[in-house]
>>> print(open('run16.cif').read())   # mmCIF, C-alpha atoms
data_run
#
loop_
_atom_site.label_atom_id
_atom_site.label_comp_id
_atom_site.auth_asym_id
_atom_site.auth_seq_id
_atom_site.Cartn_x
_atom_site.Cartn_y
_atom_site.Cartn_z
CA MET A 31 9.38 -3.50 7.75
CA ASN A 32 12.12 -2.33 10.15
CA HIS A 33 14.50 -4.76 8.43
CA TYR A 34 14.84 -2.29 5.53
CA PRO A 35 17.15 0.75 5.49
CA ALA A 36 15.47 3.92 6.84
CA SER A 37 14.82 5.58 3.46
CA ILE A 38 13.02 2.48 2.18
CA GLN A 39 10.98 2.24 5.40
CA GLN A 40 9.84 5.84 4.93
CA LEU A 41 8.82 5.20 1.33
CA ILE A 42 6.88 2.08 2.34
CA ARG A 43 5.11 4.14 5.02
CA SER A 44 4.15 6.84 2.46
CA LEU A 45 2.92 4.29 -0.08
CA SER A 46 0.83 2.34 2.42
CA LYS A 47 -1.22 5.50 3.05
CA PHE A 48 -2.89 4.97 -0.34
CA PRO A 49 -6.39 3.51 -0.24
CA GLY A 50 -6.32 -0.25 -0.79
CA ILE A 51 -2.52 -0.46 -0.47
CA GLY A 52 -1.39 -2.50 2.54
CA THR A 53 2.15 -2.84 3.87
CA LYS A 54 2.82 -5.94 1.73
CA THR A 55 1.85 -4.18 -1.52
CA ALA A 56 3.72 -1.03 -0.46
CA GLU A 57 6.84 -3.18 0.05
CA ARG A 58 6.42 -4.65 -3.42
CA LEU A 59 6.00 -1.18 -4.96
CA ALA A 60 9.09 0.11 -3.13
CA MET A 61 11.14 -2.86 -4.43
CA HIS A 62 9.92 -2.04 -7.94
CA ILE A 63 11.01 1.59 -7.56
CA LEU A 64 14.44 0.38 -6.43
CA ARG A 65 14.82 -1.87 -9.45
CA ALA A 66 13.32 0.50 -12.04
CA PRO A 67 15.59 2.60 -14.29
CA ARG A 68 16.48 5.92 -12.72
CA ARG A 69 14.87 7.87 -15.56
CA ASP A 70 11.48 6.20 -15.06
CA VAL A 71 11.57 6.92 -11.34
CA GLU A 72 12.45 10.58 -11.91
CA LYS A 73 9.58 10.82 -14.37
CA LEU A 74 7.17 9.33 -11.83
CA ALA A 75 8.24 11.72 -9.04
CA HIS A 76 7.99 14.62 -11.49
CA ARG A 77 4.52 13.62 -12.66
CA ILE A 78 3.25 13.28 -9.11
CA MET A 79 4.27 16.87 -8.41
CA GLU A 80 3.08 18.10 -11.80
CA VAL A 81 -0.40 16.68 -11.33
CA LYS A 82 -0.58 18.50 -8.02
CA GLU A 83 0.64 21.78 -9.50
CA LYS A 84 -1.23 21.79 -12.80
CA THR A 85 -4.57 20.29 -11.95
CA ARG A 86 -7.31 22.59 -10.83
CA LEU A 87 -11.09 22.48 -10.92
CA CYS A 88 -13.01 23.86 -13.89
CA ARG A 89 -14.49 27.26 -13.00
CA LEU A 90 -17.88 26.19 -14.34
CA CYS A 91 -18.43 22.48 -13.64
CA PHE A 92 -15.64 21.68 -11.10
CA ALA A 93 -14.25 18.83 -13.19
CA LEU A 94 -10.50 18.19 -13.03
CA SER A 95 -8.87 20.50 -15.55
CA ASP A 96 -5.49 21.73 -16.80
CA GLY A 97 -6.92 25.18 -17.52
CA GLU A 98 -9.57 27.58 -16.22
CA LEU A 99 -12.31 25.82 -18.18
CA CYS A 100 -12.26 22.06 -18.66
CA ARG A 101 -12.13 20.38 -22.07
CA LEU A 102 -15.86 19.60 -22.04
CA CYS A 103 -17.06 23.04 -20.92
CA SER A 104 -15.06 24.61 -23.75
CA ASP A 105 -16.23 22.09 -26.38
CA PRO A 106 -18.75 23.76 -28.75
CA ALA A 107 -20.09 20.32 -29.78
CA ARG A 108 -21.60 19.63 -26.34
CA ASP A 109 -25.22 20.46 -25.59
CA ARG A 110 -24.99 23.33 -23.09
CA SER A 111 -28.66 23.10 -22.09
CA MET A 112 -28.27 19.81 -20.23
CA ILE A 113 -26.28 19.24 -17.04
CA CYS A 114 -25.49 15.86 -15.54
CA VAL A 115 -24.80 16.14 -11.79
CA VAL A 116 -22.29 13.65 -10.32
CA GLU A 117 -20.45 13.25 -7.03
CA GLN A 118 -16.83 12.81 -8.11
CA PRO A 119 -14.60 13.43 -11.15
CA ALA A 120 -14.24 9.64 -11.61
CA ASP A 121 -18.05 9.36 -12.00
CA MET A 122 -17.92 11.86 -14.85
CA VAL A 123 -15.16 9.82 -16.49
CA SER A 124 -17.32 6.67 -16.25
CA ILE A 125 -20.24 8.38 -17.96
CA GLU A 126 -17.94 9.82 -20.65
CA LYS A 127 -16.53 6.36 -21.32
CA SER A 128 -20.07 5.03 -21.77
CA GLY A 129 -20.64 7.54 -24.56
CA GLY A 130 -24.20 8.00 -23.30
CA TRP A 131 -24.14 11.76 -22.66
CA ASN A 132 -23.56 14.79 -24.82
CA GLY A 133 -24.40 17.54 -22.34
CA LEU A 134 -22.24 19.22 -19.70
CA TYR A 135 -21.54 18.09 -16.14
CA HIS A 136 -21.55 19.47 -12.63
CA ILE A 137 -19.28 17.76 -10.13
CA LEU A 138 -20.57 18.25 -6.58
CA GLN A 139 -17.29 17.04 -5.02
CA GLY A 140 -19.05 14.59 -2.75
CA ALA A 141 -22.47 13.60 -1.45
CA LEU A 142 -24.52 14.68 1.54
CA SER A 143 -23.54 12.73 4.63
CA PRO A 144 -24.74 14.24 7.92
CA ILE A 145 -22.90 11.51 9.85
CA ASP A 146 -19.57 12.74 8.38
CA GLY A 147 -20.59 16.38 8.81
CA ILE A 148 -21.04 16.92 5.05
CA GLY A 149 -23.98 19.28 4.58
CA PRO A 150 -25.18 21.11 1.44
CA GLU A 151 -22.72 23.98 1.98
CA ALA A 152 -19.76 21.56 1.69
CA LEU A 153 -20.83 20.60 -1.84
CA ARG A 154 -20.94 22.69 -5.03
CA ILE A 155 -24.73 23.04 -4.83
CA LYS A 156 -24.84 26.85 -4.70
CA GLU A 157 -22.74 26.93 -7.87
CA LEU A 158 -25.15 24.49 -9.58
CA MET A 159 -28.09 26.75 -8.75
CA GLY A 160 -26.06 29.68 -10.07
CA ARG A 161 -25.54 27.93 -13.41
CA ILE A 162 -29.26 27.16 -13.72
CA SER A 163 -30.18 30.79 -13.02
CA ALA A 164 -27.55 32.28 -15.32
CA GLU A 165 -27.77 29.97 -18.33
CA GLU A 166 -30.60 28.42 -20.30
CA ILE A 167 -30.69 24.95 -18.83
CA LYS A 168 -33.46 22.61 -19.97
CA GLU A 169 -32.64 19.41 -18.11
CA ILE A 170 -30.72 18.34 -15.04
CA VAL A 171 -29.89 14.63 -14.77
CA LEU A 172 -29.11 13.61 -11.20
CA ALA A 173 -26.42 10.94 -11.52
CA THR A 174 -25.21 10.76 -7.95
CA GLY A 175 -24.57 7.21 -6.70
CA THR A 176 -27.20 4.74 -5.53
CA SER A 177 -25.73 4.57 -2.01
CA THR A 178 -27.75 6.10 0.85
CA GLU A 179 -25.70 9.30 0.52
CA GLY A 180 -26.08 9.47 -3.25
CA GLU A 181 -29.84 8.85 -3.06
CA SER A 182 -30.42 11.47 -0.40
CA THR A 183 -28.29 13.98 -2.30
CA ALA A 184 -30.47 13.36 -5.38
CA SER A 185 -33.66 13.81 -3.31
CA PHE A 186 -32.30 17.00 -1.76
CA LEU A 187 -31.42 18.46 -5.17
CA ALA A 188 -34.76 17.43 -6.71
CA GLN A 189 -36.53 19.23 -3.87
CA ARG A 190 -34.43 22.39 -4.35
CA LEU A 191 -34.91 22.32 -8.12
CA ARG A 192 -38.71 22.42 -7.87
CA ASN A 193 -38.44 26.21 -7.75
CA TYR A 194 -36.71 26.30 -11.12
CA SER A 195 -38.34 25.76 -14.50
CA VAL A 196 -36.06 22.92 -15.43
CA LYS A 197 -36.75 19.25 -16.10
CA VAL A 198 -35.17 17.09 -13.41
CA SER A 199 -34.46 13.40 -13.97
CA ARG A 200 -32.60 10.63 -12.17
CA ILE A 201 -30.44 7.96 -13.82
CA ALA A 202 -32.21 4.58 -13.95
CA SER A 203 -31.28 1.95 -11.39
CA GLY A 204 -31.87 -1.78 -11.75
CA VAL A 205 -30.17 -5.00 -12.74
CA PRO A 206 -26.80 -4.20 -14.39
CA MET A 207 -26.42 -5.34 -18.00
CA GLY A 208 -24.93 -8.80 -18.33
CA GLY A 209 -25.95 -9.40 -14.72
CA ASP A 210 -27.01 -12.88 -13.67
CA LEU A 211 -30.11 -12.39 -11.50
CA LYS A 212 -29.01 -14.95 -8.92
CA TYR A 213 -25.94 -12.86 -8.06
CA ILE A 214 -27.73 -9.51 -7.75
CA ASP A 215 -28.53 -8.19 -4.27
CA GLN A 216 -32.14 -8.08 -3.10
CA VAL A 217 -32.43 -4.28 -2.89
CA THR A 218 -31.45 -3.97 -6.56
CA ILE A 219 -33.86 -6.74 -7.62
CA ARG A 220 -36.69 -5.11 -5.71
CA LYS A 221 -35.97 -1.75 -7.30
CA ALA A 222 -35.82 -3.37 -10.73
CA MET A 223 -39.21 -5.01 -10.15
CA ASP A 224 -40.80 -1.78 -8.88
CA ARG A 225 -39.50 0.11 -11.93
CA ARG A 226 -40.51 -2.51 -14.49
CA HIS A 227 -41.72 -1.06 -17.76
CA GLY A 228 -43.91 -2.31 -20.63
CA MET A 229 -42.23 -3.55 -23.77
CA MET B 299 -8.44 7.41 -19.48
CA ASN B 300 -8.35 10.10 -22.19
CA HIS B 301 -11.21 11.81 -20.39
CA TYR B 302 -8.73 13.14 -17.82
CA PRO B 303 -6.52 16.23 -18.31
CA ALA B 304 -3.13 15.41 -19.88
CA SER B 305 -1.07 15.63 -16.66
CA ILE B 306 -3.37 13.14 -14.92
CA GLN B 307 -3.26 10.79 -17.92
CA GLN B 308 0.54 10.80 -17.76
CA LEU B 309 0.54 10.04 -14.04
CA ILE B 310 -1.93 7.16 -14.56
CA ARG B 311 0.34 5.79 -17.29
CA SER B 312 3.39 5.94 -14.98
CA LEU B 313 1.54 4.30 -12.09
CA SER B 314 0.11 1.47 -14.18
CA LYS B 315 3.66 0.34 -14.97
CA PHE B 316 3.95 -1.00 -11.42
CA PRO B 317 3.59 -4.77 -11.07
CA GLY B 318 0.05 -5.72 -10.12
CA ILE B 319 -1.31 -2.21 -10.73
CA GLY B 320 -3.82 -2.05 -13.59
CA THR B 321 -5.32 1.07 -15.16
CA LYS B 322 -8.28 1.04 -12.74
CA THR B 323 -6.06 0.99 -9.64
CA ALA B 324 -3.72 3.57 -11.19
CA GLU B 325 -6.73 5.86 -11.69
CA ARG B 326 -7.72 5.40 -8.08
CA LEU B 327 -4.18 6.16 -6.89
CA ALA B 328 -4.02 9.28 -9.09
CA MET B 329 -7.34 10.51 -7.64
CA HIS B 330 -5.93 9.96 -4.15
CA ILE B 331 -2.82 12.00 -5.02
CA LEU B 332 -5.09 14.81 -6.26
CA ARG B 333 -7.10 14.83 -3.06
CA ALA B 334 -4.19 14.37 -0.64
CA PRO B 335 -2.69 17.39 1.17
CA ARG B 336 0.07 19.04 -0.85
CA ARG B 337 2.65 18.37 1.90
CA ASP B 338 2.02 14.61 1.86
CA VAL B 339 2.38 14.50 -1.91
CA GLU B 340 5.63 16.45 -1.83
CA LYS B 341 6.91 14.07 0.82
CA LEU B 342 6.02 11.07 -1.33
CA ALA B 343 7.74 12.45 -4.45
CA HIS B 344 10.79 13.33 -2.33
CA ARG B 345 10.94 9.86 -0.77
CA ILE B 346 10.72 8.16 -4.14
CA MET B 347 13.77 10.10 -5.31
CA GLU B 348 15.57 9.69 -1.98
CA VAL B 349 15.22 5.92 -2.00
CA LYS B 350 16.74 5.90 -5.47
CA GLU B 351 19.61 8.17 -4.44
CA LYS B 352 20.44 6.77 -1.01
CA THR B 353 19.95 3.06 -1.40
CA ARG B 354 22.91 1.01 -2.49
CA LEU B 355 23.98 -2.59 -2.02
CA CYS B 356 26.07 -3.66 0.98
CA ARG B 357 29.70 -4.14 -0.10
CA LEU B 358 29.82 -7.52 1.67
CA CYS B 359 26.43 -9.23 1.38
CA PHE B 360 24.63 -7.13 -1.33
CA ALA B 361 21.62 -6.41 0.87
CA LEU B 362 19.86 -3.06 0.43
CA SER B 363 21.71 -0.53 2.54
CA ASP B 364 21.93 3.18 3.35
CA GLY B 365 25.71 2.93 3.86
CA GLU B 366 28.71 0.98 2.59
CA LEU B 367 28.01 -1.91 4.97
CA CYS B 368 24.44 -2.92 5.80
CA ARG B 369 23.04 -2.90 9.31
CA LEU B 370 23.42 -6.65 9.72
CA CYS B 371 26.99 -6.91 8.41
CA SER B 372 28.04 -4.20 10.86
CA ASP B 373 26.18 -5.74 13.82
CA PRO B 374 28.69 -7.36 16.25
CA ALA B 375 25.91 -9.52 17.75
CA ARG B 376 25.49 -11.57 14.54
CA ASP B 377 27.34 -14.85 14.07
CA ARG B 378 29.83 -14.06 11.30
CA SER B 379 30.70 -17.74 10.69
CA MET B 380 27.31 -18.57 9.11
CA ILE B 381 25.98 -17.23 5.82
CA CYS B 382 22.43 -17.67 4.57
CA VAL B 383 22.24 -17.38 0.76
CA VAL B 384 19.01 -15.91 -0.69
CA GLU B 385 17.86 -14.67 -4.08
CA GLN B 386 16.40 -11.24 -3.33
CA PRO B 387 16.49 -8.57 -0.59
CA ALA B 388 12.82 -9.32 0.20
CA ASP B 389 13.74 -12.96 0.97
CA MET B 390 16.25 -11.76 3.54
CA VAL B 391 13.56 -9.55 5.10
CA SER B 392 11.20 -12.55 5.37
CA ILE B 393 13.84 -14.62 7.18
CA GLU B 394 14.69 -11.69 9.49
CA LYS B 395 11.00 -11.30 10.35
CA SER B 396 10.85 -15.00 11.27
CA GLY B 397 13.58 -14.47 13.85
CA GLY B 398 15.03 -17.85 12.89
CA TRP B 399 18.52 -16.76 11.88
CA ASN B 400 21.38 -15.04 13.67
CA GLY B 401 24.10 -15.30 11.04
CA LEU B 402 24.88 -13.10 8.07
CA TYR B 403 23.37 -13.19 4.56
CA HIS B 404 24.46 -13.21 0.96
CA ILE B 405 21.98 -11.87 -1.58
CA LEU B 406 22.60 -13.36 -5.01
CA GLN B 407 20.37 -10.79 -6.77
CA GLY B 408 18.43 -13.48 -8.61
CA ALA B 409 18.47 -17.16 -9.47
CA LEU B 410 19.96 -19.13 -12.34
CA SER B 411 17.59 -19.15 -15.30
CA PRO B 412 19.19 -20.21 -18.59
CA ILE B 413 15.90 -19.51 -20.41
CA ASP B 414 16.15 -15.82 -19.39
CA GLY B 415 19.89 -15.75 -20.06
CA ILE B 416 20.76 -15.58 -16.34
CA GLY B 417 23.95 -17.60 -15.84
CA PRO B 418 26.26 -17.84 -12.79
CA GLU B 419 28.21 -14.73 -13.83
CA ALA B 420 25.01 -12.60 -13.60
CA LEU B 421 24.64 -13.46 -9.90
CA ARG B 422 26.84 -12.57 -6.92
CA ILE B 423 28.35 -16.07 -6.80
CA LYS B 424 31.99 -15.08 -7.28
CA GLU B 425 31.61 -12.68 -4.36
CA LEU B 426 30.14 -15.48 -2.18
CA MET B 427 33.15 -17.69 -2.95
CA GLY B 428 35.38 -14.74 -2.12
CA ARG B 429 33.78 -14.38 1.31
CA ILE B 430 34.21 -18.08 2.03
CA SER B 431 37.89 -17.95 1.09
CA ALA B 432 38.63 -14.75 2.97
CA GLU B 433 36.69 -15.29 6.19
CA GLU B 434 36.22 -18.20 8.58
CA ILE B 435 32.86 -19.48 7.46
CA LYS B 436 31.55 -22.67 9.07
CA GLU B 437 28.16 -23.08 7.46
CA ILE B 438 26.37 -21.94 4.32
CA VAL B 439 22.56 -22.29 4.33
CA LEU B 440 21.13 -22.29 0.82
CA ALA B 441 17.78 -20.48 1.15
CA THR B 442 17.02 -19.82 -2.50
CA GLY B 443 13.37 -20.42 -3.45
CA THR B 444 11.76 -23.79 -4.12
CA SER B 445 10.94 -22.86 -7.73
CA THR B 446 12.83 -24.65 -10.52
CA GLU B 447 15.26 -21.73 -10.71
CA GLY B 448 15.77 -21.59 -6.94
CA GLU B 449 16.31 -25.35 -6.71
CA SER B 450 18.81 -25.45 -9.56
CA THR B 451 20.67 -22.44 -8.11
CA ALA B 452 20.95 -24.32 -4.79
CA SER B 453 22.23 -27.47 -6.57
CA PHE B 454 24.74 -25.43 -8.55
CA LEU B 455 26.07 -23.75 -5.40
CA ALA B 456 26.20 -27.04 -3.44
CA GLN B 457 28.30 -28.51 -6.26
CA ARG B 458 30.68 -25.56 -6.29
CA LEU B 459 31.00 -25.55 -2.50
CA ARG B 460 32.26 -29.15 -2.41
CA ASN B 461 35.78 -27.82 -2.92
CA TYR B 462 35.55 -25.72 0.26
CA SER B 463 35.73 -27.02 3.82
CA VAL B 464 32.37 -25.58 4.80
CA LYS B 465 29.15 -27.27 5.89
CA VAL B 466 26.43 -26.73 3.26
CA SER B 467 22.74 -27.10 4.10
CA ARG B 468 19.41 -26.37 2.41
CA ILE B 469 16.31 -24.91 4.09
CA ALA B 470 13.65 -27.57 4.70
CA SER B 471 10.72 -27.76 2.33
CA GLY B 472 7.37 -29.39 3.08
CA VAL B 473 3.84 -28.60 4.18
CA PRO B 474 3.67 -24.98 5.42
CA MET B 475 2.67 -24.50 9.07
CA GLY B 476 -1.05 -24.04 9.54
CA GLY B 477 -1.50 -25.63 6.11
CA ASP B 478 -4.54 -27.76 5.44
CA LEU B 479 -3.28 -30.81 3.54
CA LYS B 480 -6.19 -30.81 1.12
CA TYR B 481 -5.15 -27.38 -0.21
CA ILE B 482 -1.45 -28.16 -0.63
CA ASP B 483 -0.15 -28.94 -4.11
CA GLN B 484 0.98 -32.47 -4.94
CA VAL B 485 4.65 -31.65 -5.45
CA THR B 486 4.86 -30.23 -1.93
CA ILE B 487 3.01 -33.20 -0.41
CA ARG B 488 5.31 -35.63 -2.20
CA LYS B 489 8.38 -33.76 -0.98
CA ALA B 490 6.98 -33.72 2.55
CA MET B 491 6.40 -37.49 2.43
CA ASP B 492 9.88 -38.17 1.02
CA ARG B 493 11.46 -36.05 3.76
CA ARG B 494 9.39 -37.49 6.64
CA HIS B 495 11.35 -37.84 9.88
CA GLY B 496 10.98 -39.92 13.04
CA MET B 497 9.47 -38.31 16.13
#
>>> encode(input="run16.cif", output="structure tokens")
Amino acid sequence: MNHYPASIQQLIRSLSKFPGIGTKTAERLAMHILRAPRRDVEKLAHRIMEVKEKTRLCRLCFALSDGELCRLCSDPARDRSMICVVEQPADMVSIEKSGGWNGLYHILQGALSPIDGIGPEALRIKELMGRISAEEIKEIVLATGTSTEGESTASFLAQRLRNYSVKVSRIASGVPMGGDLKYIDQVTIRKAMDRRHGM
Amino acid sequence: MNHYPASIQQLIRSLSKFPGIGTKTAERLAMHILRAPRRDVEKLAHRIMEVKEKTRLCRLCFALSDGELCRLCSDPARDRSMICVVEQPADMVSIEKSGGWNGLYHILQGALSPIDGIGPEALRIKELMGRISAEEIKEIVLATGTSTEGESTASFLAQRLRNYSVKVSRIASGVPMGGDLKYIDQVTIRKAMDRRHGM
């Protein structure tokens, strides 16, 4: 890397801080920036700053938003009595892409992880409870991940929600669709067997 | 992707123009930019622009450079009588990393490719001939790639250089070091057999 001029070395160093981007890929990206038309590069630098300046979290659900309320929270077509709780904005985007949900969301901004010092107060749990108290919520779907952290966050929330008159459910886990059973891990298979249902 | 606010969608679109970066990776990079400290993001945007503004090509060898002459061309410890000819700046960096060369370089900025409309006049060939005429060059090592384009560029240059009193050589090709013969392609094996040498 120290065979490049200083400004290129610095760019490579910045780029290799991205998750999943090693020095080799960072070098390739830097070479692309050097070759790309000046206008495209200016646009990219501008958009990086713009995203940082414009994006904030929705006052209600903590989704990424350009305004005070996100697009979904201000959409009158969504069912406001149902909240789907997820860890990260990207999880919400996955569920939206699936088209399987017409309610609102609540983005916790992470999952409980005592080992990393992430307790309930670090997540948007208080705000979730606030929404349930203030609005007429009928159902909460816990759609945190199926990792240890995601599962224990779901358990924690289910426990807390017992005091509220709201239906609490958890997204189903099992063999993914299109999945070949011989390639699925044992924990998933076991879960899928335990949760088998009549048909 | 249209489930993100507009500014994030635009950033994802810009990022997915990079070679080897699909929409999924671009999304992940955009999320990282959102989460990263503001100072780091400003630094990145600044460095992207800086690289574009500061980097130019060395007046002599056409390597990437911060100044008029690159670091190597202005290094008195390098042997100025030997020039290694490569296609791209990254090729020069690979050879420098290997530590196997103490001469200067000449970066053609590509290889001959009639199918893409890249003829000799699109490369820095005239400038290479100029260097050979103007300076006391003893040896030219043709280190263009071993692709069809790289090979034909090397042949073309070797032909042209016959009129000059300079030794012309080509980097060796064969089985890469640490290479397991059963994984090496047939063209390479054949070349390695043809070029076998006594020991």
>>> interface_residues(input="run16.cif", of="chain A", to="chain B", cutoff="6 Å", atoms="only C-alpha atoms", output="list in words")
His33, Pro35, Ser37, Ile38, Leu41, Ser44, Leu74, Ala75, Arg77, Val81, Ser95, Asp96 and Val123 of chain A
>>> atom_distance(input="run16.cif", atom1="atom CA of Cys382 of chain B", atom2="atom CA of Ala432 of chain B")
16.5 Å
>>> residues_around(input="run16.cif", residues="Ala490 of chain B", least_positions_apart="2", cutoff="8 Å", atoms="only C-alpha atoms", output="list of chain:residue names")
B:Ser471, B:Gly472, B:Val473, B:Thr486, B:Ile487, B:Arg488, B:Asp492, B:Arg493, B:Arg494
>>> residues_around(input="run16.cif", residues="segment 140-156 of chain A", least_positions_apart="3", cutoff="8 Å", atoms="all atoms listed in the file", output="PyMOL selection string")
chain A and resi 117-118+137+159-160+174+179-180+182-183
>>> atom_distance(input="run16.cif", atom1="atom CA of Leu358 of chain B", atom2="atom CA of Lys465 of chain B")
20.2 Å
>>> atom_distance(input="run16.cif", atom1="atom CA of Gln457 of chain B", atom2="atom CA of Gly398 of chain B")
25.6 Å
>>> closest_residue(input="run16.cif", among="A:Arg200, A:Lys212, A:Arg110, A:Lys221", to="Arg161 of chain A", atoms="only C-alpha atoms")
A:Arg110
>>> closest_residue(input="run16.cif", among="A:Met229, A:Cys103, A:Leu211, A:Leu158", to="Leu134 of chain A", atoms="only C-alpha atoms")
A:Cys103
>>> axis_aligned_box(input="run16.cif", around="segment 63-73 of chain A", padding_each_side="4 Å", output="lines of an AutoDock Vina configuration file")
center_x = 13.0
center_y = 4.5
center_z = -11.0
size_x = 14.9
size_y = 20.7
size_z = 17.1
>>> closest_residue(input="run16.cif", among="B:Val464, B:Met475, B:Val439, B:Val485", to="Ala452 of chain B", atoms="only C-alpha atoms")
B:Val439
>>> resolve_selection(input="run16.cif", expression="the PyMOL selection byres ((chain A and resi 132) around 6)", output="list in words")
Arg108, Asp109, Trp131 and Gly133 of chain A
>>> build_atoms(input="run16.cif", residues="segment 116-127 of chain A", atoms="N, CA and C atoms", output="mmCIF file, in the frame of the given file")
data_model
loop_
_atom_site.group_PDB
_atom_site.id
_atom_site.type_symbol
_atom_site.label_atom_id
_atom_site.label_comp_id
_atom_site.auth_asym_id
_atom_site.auth_seq_id
_atom_site.Cartn_x
_atom_site.Cartn_y
_atom_site.Cartn_z
ATOM 1 N N VAL A 116 -22.926 14.841 -10.912
ATOM 2 C CA VAL A 116 -22.290 13.650 -10.320
ATOM 3 C C VAL A 116 -21.559 14.024 -9.039
ATOM 4 N N GLU A 117 -21.153 12.989 -8.293
ATOM 5 C CA GLU A 117 -20.450 13.250 -7.030
ATOM 6 C C GLU A 117 -18.984 13.593 -7.257
ATOM 7 N N GLN A 118 -18.293 12.727 -8.010
ATOM 8 C CA GLN A 118 -16.830 12.810 -8.110
ATOM 9 C C GLN A 118 -16.361 12.879 -9.565
ATOM 10 N N PRO A 119 -15.149 13.411 -9.796
ATOM 11 C CA PRO A 119 -14.600 13.430 -11.150
ATOM 12 C C PRO A 119 -14.606 12.046 -11.813
ATOM 13 N N ALA A 120 -14.305 10.982 -11.022
ATOM 14 C CA ALA A 120 -14.240 9.640 -11.610
ATOM 15 C C ALA A 120 -15.607 9.206 -12.140
ATOM 16 N N ASP A 121 -16.711 9.707 -11.520
ATOM 17 C CA ASP A 121 -18.050 9.360 -12.000
ATOM 18 C C ASP A 121 -18.278 9.953 -13.385
ATOM 19 N N MET A 122 -17.809 11.201 -13.560
ATOM 20 C CA MET A 122 -17.920 11.860 -14.850
ATOM 21 C C MET A 122 -17.166 11.063 -15.912
ATOM 22 N N VAL A 123 -15.967 10.597 -15.545
ATOM 23 C CA VAL A 123 -15.160 9.820 -16.490
ATOM 24 C C VAL A 123 -15.892 8.541 -16.900
ATOM 25 N N SER A 124 -16.562 7.885 -15.933
ATOM 26 C CA SER A 124 -17.320 6.670 -16.250
ATOM 27 C C SER A 124 -18.416 6.959 -17.261
ATOM 28 N N ILE A 125 -19.138 8.055 -17.043
ATOM 29 C CA ILE A 125 -20.240 8.380 -17.960
ATOM 30 C C ILE A 125 -19.685 8.738 -19.333
ATOM 31 N N GLU A 126 -18.566 9.483 -19.368
ATOM 32 C CA GLU A 126 -17.940 9.820 -20.650
ATOM 33 C C GLU A 126 -17.524 8.561 -21.406
ATOM 34 N N LYS A 127 -16.959 7.607 -20.671
ATOM 35 C CA LYS A 127 -16.530 6.360 -21.320
ATOM 36 C C LYS A 127 -17.714 5.622 -21.931
#
